[in-house]
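K.L.:
Dropping in start-v9.pdb, which is PDB, C-alpha atoms:
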MODEL        1
ATOM      1  CA  MET S  17     124.900  41.162  74.074
ATOM      2  CA  PRO S  18     124.581  44.209  71.775
ATOM      3  CA  VAL S  19     122.263  45.825  74.343
ATOM      4  CA  LYS S  20     124.891  45.496  77.059
ATOM      5  CA  LYS S  21     127.579  47.022  74.816
ATOM      6  CA  ASN S  22     125.268  49.916  73.942
ATOM      7  CA  THR S  23     124.551  50.514  77.651
ATOM      8  CA  THR S  24     128.269  50.520  78.404
ATOM      9  CA  ASN S  25     128.922  53.021  75.601
ATOM     10  CA  ARG S  26     126.149  55.293  76.910
ATOM     11  CA  SER S  27     127.645  55.150  80.396
ATOM     12  CA  ILE S  28     131.075  56.064  79.063
ATOM     13  CA  ARG S  29     129.620  58.968  77.029
ATOM     14  CA  ARG S  30     127.611  60.152  80.032
ATOM     15  CA  GLY S  31     130.767  60.053  82.160
ATOM     16  CA  ARG S  32     132.677  62.091  79.578
ATOM     17  CA  VAL S  33     129.884  64.660  79.354
ATOM     18  CA  LEU S  34     129.809  64.977  83.142
ATOM     19  CA  ALA S  35     133.586  65.427  83.218
ATOM     20  CA  VAL S  36     133.376  68.232  80.639
ATOM     21  CA  VAL S  37     130.518  69.908  82.519
ATOM     22  CA  PHE S  38     132.477  69.668  85.785
ATOM     23  CA  ALA S  39     135.610  71.149  84.179
ATOM     24  CA  PHE S  40     133.584  74.021  82.728
ATOM     25  CA  ALA S  41     131.935  74.662  86.109
ATOM     26  CA  VAL S  42     135.336  74.850  87.815
ATOM     27  CA  LEU S  43     136.613  77.278  85.166
ATOM     28  CA  ALA S  44     133.479  79.414  85.360
ATOM     29  CA  THR S  45     133.728  79.564  89.148
ATOM     30  CA  ALA S  46     137.376  80.616  88.964
ATOM     31  CA  CYS S  47     136.557  83.386  86.499
ATOM     32  CA  SER S  48     133.529  84.700  88.357
ATOM     33  CA  SER S  49     135.363  85.624  91.530
ATOM     34  CA  GLU S  50     135.338  89.210  92.789
ATOM     35  CA  SER S  51     138.406  90.117  90.769
ATOM     36  CA  ASP S  52     137.391  88.214  87.603
ATOM     37  CA  THR S  53     140.803  86.591  87.454
ATOM     38  CA  ILE S  54     142.149  83.082  87.138
ATOM     39  CA  GLN S  55     144.959  82.435  89.586
ATOM     40  CA  LEU S  56     148.131  80.870  88.206
ATOM     41  CA  GLY S  57     150.993  79.430  90.221
ATOM     42  CA  ASN S  58     151.048  79.560  94.005
ATOM     43  CA  ASP S  59     149.361  82.251  96.056
ATOM     44  CA  THR S  60     152.437  83.716  97.723
ATOM     45  CA  PHE S  61     152.027  86.714  95.422
ATOM     46  CA  ALA S  62     148.353  87.447  94.910
ATOM     47  CA  PRO S  63     146.584  90.496  93.518
ATOM     48  CA  ASP S  64     144.763  92.924  95.750
ATOM     49  CA  VAL S  65     141.212  91.841  94.969
ATOM     50  CA  GLU S  66     139.616  95.180  95.805
ATOM     51  CA  SER S  67     141.689  97.437  93.598
ATOM     52  CA  GLY S  68     143.055  94.937  91.124
ATOM     53  CA  ALA S  69     146.497  96.492  91.572
ATOM     54  CA  VAL S  70     149.348  94.128  92.198
ATOM     55  CA  ASP S  71     152.150  94.978  94.598
ATOM     56  CA  SER S  72     154.700  93.747  92.103
ATOM     57  CA  GLU S  73     158.448  93.747  92.500
ATOM     58  CA  ALA S  74     158.425  94.575  88.779
ATOM     59  CA  THR S  75     156.993  98.055  89.457
ATOM     60  CA  GLY S  76     159.631 100.743  89.021
ATOM     61  CA  ASN S  77     161.902  98.495  86.937
ATOM     62  CA  THR S  78     162.727  98.559  83.280
ATOM     63  CA  ILE S  79     162.287  95.022  82.040
ATOM     64  CA  ASN S  80     163.528  93.885  78.659
ATOM     65  CA  PHE S  81     162.543  90.681  76.890
ATOM     66  CA  SER S  82     161.950  89.243  73.475
ATOM     67  CA  TYR S  83     158.834  87.476  72.270
ATOM     68  CA  LYS S  84     157.754  85.532  69.207
ATOM     69  CA  THR S  85     155.031  86.641  66.845
ATOM     70  CA  PHE S  86     152.538  84.090  65.566
ATOM     71  CA  ASP S  87     154.716  83.910  62.440
ATOM     72  CA  ASP S  88     157.631  82.862  64.707
ATOM     73  CA  GLU S  89     159.570  86.077  64.203
ATOM     74  CA  THR S  90     161.505  87.269  67.261
ATOM     75  CA  VAL S  91     160.764  90.809  68.447
ATOM     76  CA  GLU S  92     162.767  92.682  71.065
ATOM     77  CA  PHE S  93     160.577  94.635  73.462
ATOM     78  CA  ALA S  94     163.170  97.433  73.436
ATOM     79  CA  ASP S  95     162.517  97.864  69.707
ATOM     80  CA  LEU S  96     158.908  98.923  70.276
ATOM     81  CA  PRO S  97     158.205 102.579  69.451
ATOM     82  CA  GLU S  98     159.170 105.107  72.104
ATOM     83  CA  GLY S  99     156.392 106.091  74.442
ATOM     84  CA  PRO S 100     154.051 104.422  76.920
ATOM     85  CA  VAL S 101     153.127 100.759  76.494
ATOM     86  CA  VAL S 102     150.087  98.783  77.593
ATOM     87  CA  LEU S 103     151.017  95.093  77.757
ATOM     88  CA  ASN S 104     148.093  92.707  78.110
ATOM     89  CA  PHE S 105     148.471  89.006  78.887
ATOM     90  CA  PHE S 106     145.533  86.961  77.589
ATOM     91  CA  ALA S 107     144.579  83.390  76.724
ATOM     92  CA  SER S 108     141.804  81.699  74.781
ATOM     93  CA  TRP S 109     141.015  79.544  77.834
ATOM     94  CA  CYS S 110     140.255  82.604  80.001
ATOM     95  CA  PRO S 111     136.685  83.940  79.580
ATOM     96  CA  SER S 112     137.571  87.228  81.306
ATOM     97  CA  CYS S 113     140.443  87.767  78.879
ATOM     98  CA  ILE S 114     138.133  87.118  75.946
ATOM     99  CA  ALA S 115     135.583  89.582  77.315
ATOM    100  CA  GLU S 116     138.058  92.448  77.608
ATOM    101  CA  LEU S 117     139.957  92.069  74.304
ATOM    102  CA  PRO S 118     137.439  94.054  72.194
ATOM    103  CA  ASP S 119     137.665  96.905  74.733
ATOM    104  CA  PHE S 120     141.466  96.855  74.472
ATOM    105  CA  GLU S 121     141.112  97.128  70.691
ATOM    106  CA  THR S 122     138.734 100.098  71.037
ATOM    107  CA  VAL S 123     141.044 101.924  73.445
ATOM    108  CA  SER S 124     144.110 101.196  71.302
ATOM    109  CA  GLN S 125     142.294 102.789  68.348
ATOM    110  CA  ASN S 126     141.228 105.759  70.500
ATOM    111  CA  PHE S 127     144.809 106.503  71.549
ATOM    112  CA  GLY S 128     146.207 106.053  68.052
ATOM    113  CA  GLY S 129     149.993 106.082  68.114
ATOM    114  CA  GLU S 130     150.181 107.900  71.463
ATOM    115  CA  VAL S 131     150.306 104.595  73.381
ATOM    116  CA  THR S 132     151.627 101.267  72.081
ATOM    117  CA  PHE S 133     149.482  98.213  72.798
ATOM    118  CA  LEU S 134     150.948  94.718  72.892
ATOM    119  CA  GLY S 135     149.032  91.529  73.627
ATOM    120  CA  LEU S 136     150.823  88.329  74.586
ATOM    121  CA  ALA S 137     149.018  84.993  74.543
ATOM    122  CA  THR S 138     150.128  83.210  77.701
ATOM    123  CA  GLN S 139     150.296  79.440  78.033
ATOM    124  CA  ASP S 140     147.981  79.018  75.063
ATOM    125  CA  ARG S 141     148.054  77.138  71.769
ATOM    126  CA  SER S 142     148.980  79.451  68.893
ATOM    127  CA  GLU S 143     146.073  78.339  66.712
ATOM    128  CA  ASN S 144     143.591  79.057  69.534
ATOM    129  CA  SER S 145     145.131  82.474  70.170
ATOM    130  CA  VAL S 146     145.061  83.443  66.490
ATOM    131  CA  GLU S 147     141.421  82.363  66.206
ATOM    132  CA  LEU S 148     140.543  84.409  69.309
ATOM    133  CA  LEU S 149     142.288  87.511  67.960
ATOM    134  CA  GLU S 150     140.388  87.187  64.689
ATOM    135  CA  GLN S 151     137.064  86.707  66.492
ATOM    136  CA  THR S 152     137.599  89.725  68.763
ATOM    137  CA  GLY S 153     138.911  92.003  65.997
ATOM    138  CA  VAL S 154     142.271  92.754  67.624
ATOM    139  CA  THR S 155     144.639  94.638  65.307
ATOM    140  CA  PHE S 156     147.314  95.854  67.751
ATOM    141  CA  ALA S 157     150.652  94.009  67.987
ATOM    142  CA  THR S 158     150.432  90.503  69.431
ATOM    143  CA  GLY S 159     152.710  87.609  70.146
ATOM    144  CA  LYS S 160     153.060  84.544  72.286
ATOM    145  CA  ASP S 161     154.422  83.737  75.716
ATOM    146  CA  GLN S 162     153.825  80.006  75.515
ATOM    147  CA  ASN S 163     155.671  79.022  78.686
ATOM    148  CA  GLY S 164     154.598  82.047  80.730
ATOM    149  CA  GLU S 165     158.205  83.222  81.163
ATOM    150  CA  ILE S 166     157.444  86.845  80.251
ATOM    151  CA  PHE S 167     154.345  86.760  82.445
ATOM    152  CA  SER S 168     156.626  85.690  85.322
ATOM    153  CA  LEU S 169     158.992  88.622  84.692
ATOM    154  CA  PHE S 170     156.144  90.910  85.691
ATOM    155  CA  GLN S 171     155.277  88.803  88.759
ATOM    156  CA  GLY S 172     151.985  87.801  87.165
ATOM    157  CA  LEU S 173     149.904  85.104  88.796
ATOM    158  CA  ALA S 174     146.361  85.770  87.592
ATOM    159  CA  MET S 175     144.678  86.135  84.235
ATOM    160  CA  PRO S 176     144.021  88.584  82.786
ATOM    161  CA  THR S 177     146.976  90.768  83.760
ATOM    162  CA  THR S 178     147.848  94.133  82.236
ATOM    163  CA  VAL S 179     151.160  95.939  82.677
ATOM    164  CA  PHE S 180     151.481  99.707  82.185
ATOM    165  CA  LEU S 181     154.931 100.993  81.207
ATOM    166  CA  ASP S 182     155.899 104.639  80.901
ATOM    167  CA  ALA S 183     157.717 106.302  77.990
ATOM    168  CA  ASN S 184     161.034 104.894  79.284
ATOM    169  CA  HIS S 185     159.480 101.395  79.429
ATOM    170  CA  GLU S 186     159.612 101.438  83.219
ATOM    171  CA  VAL S 187     156.830  99.484  84.911
ATOM    172  CA  VAL S 188     154.302 101.872  86.440
ATOM    173  CA  ARG S 189     151.537  99.461  87.344
ATOM    174  CA  VAL S 190     150.641  95.762  87.152
ATOM    175  CA  HIS S 191     146.921  95.052  87.256
ATOM    176  CA  SER S 192     145.135  91.701  87.544
ATOM    177  CA  GLY S 193     141.496  91.823  86.573
ATOM    178  CA  VAL S 194     139.205  92.864  83.766
ATOM    179  CA  PHE S 195     139.224  96.302  82.164
ATOM    180  CA  ASP S 196     136.437  97.920  80.182
ATOM    181  CA  VAL S 197     136.848 100.912  77.842
ATOM    182  CA  GLU S 198     136.210 103.469  80.591
ATOM    183  CA  SER S 199     138.488 101.989  83.269
ATOM    184  CA  LEU S 200     141.306 101.257  80.811
ATOM    185  CA  THR S 201     141.146 104.787  79.372
ATOM    186  CA  GLU S 202     141.160 106.288  82.845
ATOM    187  CA  THR S 203     144.149 104.181  83.950
ATOM    188  CA  ILE S 204     146.154 105.138  80.860
ATOM    189  CA  ASN S 205     145.383 108.826  81.350
ATOM    190  CA  ASP S 206     146.190 108.717  85.094
ATOM    191  CA  ASP S 207     149.234 106.431  85.067
ATOM    192  CA  LEU S 208     150.867 107.004  81.702
ATOM    193  CA  LEU S 209     149.851 110.391  80.296
ATOM    194  CA  SER S 210     149.466 112.665  83.321
TER     195      SER S 210
ENDMDL
END
Here is the file; what I need is its structure written in the form of structure tokens.

P.N.:
Amino acid sequence: MPVKKNTTNRSIRRGRVLAVVFAFAVLATACSSESDTIQLGNDTFAPDVESGAVDSEATGNTINFSYKTFDDETVEFADLPEGPVVLNFFASWCPSCIAELPDFETVSQNFGGEVTFLGLATQDRSENSVELLEQTGVTFATGKDQNGEIFSLFQGLAMPTTVFLDANHEVVRVHSGVFDVESLTETINDDLLS
């Protein structure tokens, strides 16, 4: 009898391992698409895969919202310093988001106080987000958008998504896809500082 129980336990463990491998494969496939994004919600509003730009109804609007820090303090977006803002939506479950966070930190340091950077963890557990921020060395302002409500304000459907707002906090561009130091710097210079 003990042999049969041991065989059953091995089968259960093998099934669990296969389930984890399958889930990882699905996630990896979703993140390795042409646009390096993970689609959220339905696809009635999808990013332009070639350019990464999103034809968002949010573009041209001034959108105000409040968010919570990881210390559960409420911050009003309108209270951010005057000037352009780069708003990045990320999550610990999104490999593409993880890959670009160090580049966002580098660019935020390069621009100093000329551009405000804000990162919002979207539909993610706070402890996972905080651990990710520590691992990637992010020092710019961050908070949480646990239910994805703020993400929805900007018509976001894919991760990662970055929103560029001008000095009046009017939405200039919504981009779904990964940025590196060069492309993020170029976008900020072209869309926010020119």

K.L.:
Neighbouring residues of stretch 129-141 of chain S were defined as those with any atom within 8 Å, considering all atoms listed in the file; residues of the same chain fewer than 5 positions away were excluded. Please report them as a ChimeraX atom specification.

P.N.:
/S:96-97,99-109,124,156-164,167

K.L.:
Apply the PyMOL selection byres ((chain S and resi 153) around 12) to the file shown and report the selected residues as a ChimeraX atom specification.

P.N.:
/S:114,116-122,124-125,146-152,154-156

K.L.:
Step by step, work through what the PyMOL selection byres ((chain S and resi 190) around 6) selects in the shown file, and finish by giving those residues as a PyMOL selection string.

P.N.:
chain S and resi 70+178-179+189+191

K.L.:
Keeping C-alpha atoms, export the residues of the selection given above as a compact mmCIF listing (two decimals), in the coordinates of the input.

P.N.:
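Saved the output as again-v5.txt:
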# COMPACT_ATOMS: atom_id res chain seq x y z
CA VAL S 70 149.35 94.13 92.20
CA THR S 178 147.85 94.13 82.24
CA VAL S 179 151.16 95.94 82.68
CA ARG S 189 151.54 99.46 87.34
CA HIS S 191 146.92 95.05 87.26

K.L.:
I need the residue nearest S:Phe170 from this list: S:Asp95, S:Ala115, S:Glu186, S:Glu89. Use all atoms listed in the file for the distance.

P.N.:
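Looking at the shortest contact to S:Phe170, the residue is S:Glu186.
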
K.L.:
Would you please work out which residue, of S:Asn80, S:Asn126, S:Thr90, S:Thr85, is nearest to S:Thr201 when using only C-alpha atoms?

P.N.:
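Once distances to S:Thr201 are computed over only C-alpha atoms, the minimum belongs to S:Asn126.
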
K.L.:
Selected by the PyMOL selection byres ((chain S and resi 183) around 7) in the shown coordinates: which residues, as a count of residues only?

P.N.:
7

K.L.:
For the atom pair atom CA of S:Val91 and atom CA of S:Ala174, what is the interatomic distance in Å to one decimal place?

P.N.:
24.5 Å

K.L.:
Have a look at atom CA of S:Ser192 and atom CA of S:Gln171 and let me know their distance in Å, one decimal.

P.N.:
10.6 Å

K.L.:
What gap, in Å, lies between atom CA of S:Ser82 and atom CA of S:Ile166?

P.N.:
8.5 Å
